[in-house]
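Asks: Below you'll find input19.cif; it's mmCIF, C-alpha atoms.
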```cif
data_data
loop_
_atom_site.label_atom_id
_atom_site.label_comp_id
_atom_site.auth_asym_id
_atom_site.auth_seq_id
_atom_site.Cartn_x
_atom_site.Cartn_y
_atom_site.Cartn_z
CA MET L 1 -14.51 15.47 -26.41
CA ARG L 2 -13.96 14.79 -22.76
CA LYS L 3 -11.46 16.93 -20.89
CA ASN L 4 -8.68 15.12 -19.06
CA THR L 5 -9.15 16.01 -15.40
CA ARG L 6 -6.44 13.73 -14.04
CA ILE L 7 -4.34 15.55 -11.50
CA PRO L 8 -0.65 14.70 -11.80
CA THR L 9 1.31 13.56 -8.79
CA VAL L 10 4.72 14.96 -8.01
CA PRO L 11 7.52 14.27 -5.54
CA LEU L 12 8.82 16.83 -3.06
CA VAL L 13 12.58 16.40 -2.74
CA VAL L 14 14.41 17.67 0.34
CA LEU L 15 17.84 18.79 -0.83
CA ASP L 16 19.67 19.13 2.50
CA ASP L 17 20.51 15.67 3.79
CA ASP L 18 21.49 13.16 1.13
CA PRO L 19 23.39 13.66 -2.14
CA ALA L 20 21.29 10.89 -3.70
CA ALA L 21 18.14 12.94 -3.20
CA LEU L 22 19.83 15.96 -4.78
CA ASP L 23 20.98 13.83 -7.75
CA TYR L 24 17.44 12.52 -8.18
CA ALA L 25 16.01 16.05 -8.18
CA ARG L 26 18.58 17.15 -10.76
CA ALA L 27 17.73 14.19 -13.01
CA LEU L 28 14.00 14.98 -12.88
CA PHE L 29 14.67 18.68 -13.45
CA ARG L 30 16.83 18.01 -16.52
CA ARG L 31 14.05 15.88 -17.98
CA ASP L 32 11.32 18.49 -17.31
CA ILE L 33 9.51 16.10 -14.98
CA PRO L 34 7.37 18.06 -12.50
CA LEU L 35 8.71 18.16 -8.95
CA GLY L 36 9.00 20.28 -5.88
CA VAL L 37 12.27 20.91 -4.11
CA VAL L 38 12.80 22.39 -0.67
CA SER L 39 15.95 23.28 1.20
CA SER L 40 16.89 25.22 4.29
CA GLN L 41 19.64 26.87 2.24
CA TYR L 42 19.11 29.28 -0.64
CA SER L 43 22.24 28.02 -2.37
CA ALA L 44 20.69 24.58 -2.83
CA ALA L 45 17.34 25.87 -4.13
CA VAL L 46 18.57 28.60 -6.49
CA PRO L 47 19.77 26.26 -9.29
CA PHE L 48 16.22 24.90 -9.51
CA MET L 49 14.83 28.44 -9.66
CA LEU L 50 17.16 29.50 -12.48
CA GLY L 51 16.12 28.19 -15.84
CA ASN L 52 12.87 26.87 -14.38
CA ASN L 53 10.45 25.94 -17.14
CA GLY L 54 7.32 25.88 -15.00
CA HIS L 55 7.65 22.25 -13.99
CA THR L 56 9.47 22.87 -10.74
CA VAL L 57 8.53 24.59 -7.51
CA ALA L 58 11.67 25.51 -5.53
CA LEU L 59 11.25 26.66 -1.95
CA VAL L 60 13.38 27.62 1.01
CA ALA L 61 12.08 26.48 4.40
CA ASP L 62 13.24 24.90 7.63
CA VAL L 63 12.94 21.28 6.54
CA ASP L 64 13.11 20.09 10.17
CA ASP L 65 10.03 22.13 11.12
CA PRO L 66 6.92 20.01 10.45
CA ASP L 67 4.74 23.09 9.89
CA GLN L 68 7.09 24.59 7.30
CA LEU L 69 7.46 21.25 5.52
CA ALA L 70 3.66 20.86 5.48
CA GLU L 71 3.33 24.37 4.01
CA ALA L 72 5.87 23.45 1.31
CA ILE L 73 3.70 20.47 0.39
CA VAL L 74 0.61 22.71 0.16
CA LEU L 75 2.42 25.20 -2.09
CA VAL L 76 3.69 22.48 -4.43
CA GLU L 77 0.23 20.94 -4.62
CA ARG L 78 -1.37 24.28 -5.49
CA ARG L 79 1.04 24.80 -8.37
CA LEU L 80 1.77 21.35 -9.77
CA GLY L 81 -0.54 18.66 -8.38
CA ARG L 82 -0.75 16.21 -5.52
CA VAL L 83 2.51 15.46 -3.70
CA ASP L 84 2.73 11.67 -3.68
CA SER L 85 6.07 11.36 -1.86
CA VAL L 86 8.60 13.29 0.15
CA ILE L 87 12.12 12.20 -0.74
CA ARG L 88 14.82 13.06 1.76
CA TYR L 89 17.19 10.08 1.80
CA ALA L 90 18.36 7.43 -0.67
CA ALA L 91 16.01 4.96 1.02
CA ASP L 92 13.07 7.18 -0.01
CA LEU L 93 13.90 6.99 -3.73
CA PRO L 94 11.38 5.08 -5.82
CA THR L 95 12.60 1.74 -7.10
CA ASP L 96 10.91 2.05 -10.50
CA ILE L 97 12.00 5.54 -11.47
CA GLY L 98 13.01 4.76 -15.03
CA LEU L 99 16.15 6.84 -14.65
CA PRO L 100 19.74 5.67 -14.35
CA THR L 101 19.99 4.64 -10.70
CA SER L 102 23.74 4.25 -10.25
CA SER L 103 24.16 7.82 -9.06
CA PHE L 104 21.23 7.51 -6.63
CA ALA L 105 22.64 4.70 -4.52
CA ALA L 106 23.61 5.51 -0.98
#
```
Transcribe the structure of this file into structure tokens.

Replies:
Amino acid sequence: MRKNTRIPTVPLVVLDDDPAALDYARALFRRDIPLGVVSSQYSAAVPFMLGNNGHTVALVADVDDPDQLAEAIVLVERRLGRVDSVIRYAADLPTDIGLPTSSFAA
């Protein structure tokens, strides 16, 4: 039998700027869909750390510092798979997410 070597892709959601991005991260988290979240505030990241089932990487970093954001991407990729998108604003949300989108609109 052949082993599945497909590497999953995951989004990295920035929690600081847009409530729609935070809502999206919460929806993925509730459904155990792998994702990374990053915030410059511990209070935003902690809920994703508590009750984490191994499908979420939650980090605290200066999201406006390109080096720290790049390091967050590297850490998420090491733990979960390739980061295929960074979601910071409602405009960054995928259009075919298969989740209720009414709460994600800007």

Asks: Running the PyMOL selection byres ((chain L and resi 11) around 6) on this model by hand, what would come out? Give it as a VMD selection string.

Replies: chain L and resid 10 12 35 83 to 86

Asks: Taking (15.5, 26.8, 0.9) in the file's coordinates, which residues come within 8 Å, counting all atoms listed in the file, written as a list of chain:residue names?

Replies: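 Selection result: L:Val38, L:Ser39, L:Ser40, L:Gln41, L:Tyr42, L:Ser43, L:Ala44, L:Ala45, L:Ala58, L:Leu59, L:Val60, L:Ala61, L:Asp62.
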
Asks: Check the smallest atom-to-atom distance from each of L:Thr9, L:Asn52, L:Gln68, L:Thr95 to Arg26 of chain L using all atoms listed in the file, then report the winner.

Replies: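 Going through L:Thr9, L:Asn52, L:Gln68, L:Thr95 one by one, the smallest distance to Arg26 of chain L is for L:Asn52.
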
Asks: Could you jot down the atom CA of Phe48 of chain L to atom CA of Arg78 of chain L separation for me, Å, one decimal place?

Replies: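 Separation of atom CA of Phe48 of chain L and atom CA of Arg78 of chain L: 18.1 Å.
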
Asks: Could you check which of L:Pro8, L:Asp16, L:Asp67, L:Leu22 is closest to His55 of chain L, using only C-alpha atoms?

Replies: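 Smallest distance to His55 of chain L is found for L:Pro8.
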
Asks: Once the PyMOL selection byres ((chain L and resi 30) around 12) has been applied to the shown file, what residues remain in the selection, as a PyMOL selection string?

Replies: chain L and resi 23-29+31-35+47-48+51-53+55-56+99

Asks: Which is closer to Val57 of chain L than all the others in L:Val74, L:Leu15, L:Val37, L:Leu69, using all atoms listed in the file?

Replies: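 For Val57 of chain L, the nearest of the candidates is L:Val37.
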
Asks: Counting all atoms listed in the file, what is within 7 Å of Ile87 of chain L, bar same-chain residues fewer than 5 positions away, as a list in words?

Replies: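 That gives Pro11, Leu12, Val13, Val14, Ala21, Asp92 and Leu93 of chain L.
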
Asks: So how many Å separate atom CA of Val76 of chain L and atom CA of Gly54 of chain L, to one decimal?

Replies: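 Computing the Euclidean distance for atom CA of Val76 of chain L and atom CA of Gly54 of chain L yields 11.7 Å.
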
Asks: Choose the residue, out of L:Ala20, L:Ala91, L:Leu80, L:Ala70, that has the smallest atom-to-atom separation from Gly36 of chain L; count only C-alpha atoms.

Replies: L:Leu80

Asks: One number please: atom CA of Glu77 of chain L to atom CA of Val46 of chain L, in Å, one decimal.

Replies: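 If I compute the distance from atom CA of Glu77 of chain L to atom CA of Val46 of chain L, I get 20.0 Å.
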
Asks: So, counting all atoms listed in the file, which residue among L:Arg88, L:Asp18, L:Pro94, L:Arg82 is closest to Asp64 of chain L?

Replies: L:Arg88

Asks: Please give the centre and size of the box around segment 36-41 of chain L (axis-aligned, containing every atom listed in the file, 5 Å added per side), with values in Å to one decimal and written as AutoDock Vina command-line options.

Replies:
```
--center_x 14.3 --center_y 23.6 --center_z -0.8 --size_x 20.6 --size_y 16.6 --size_z 20.2
```
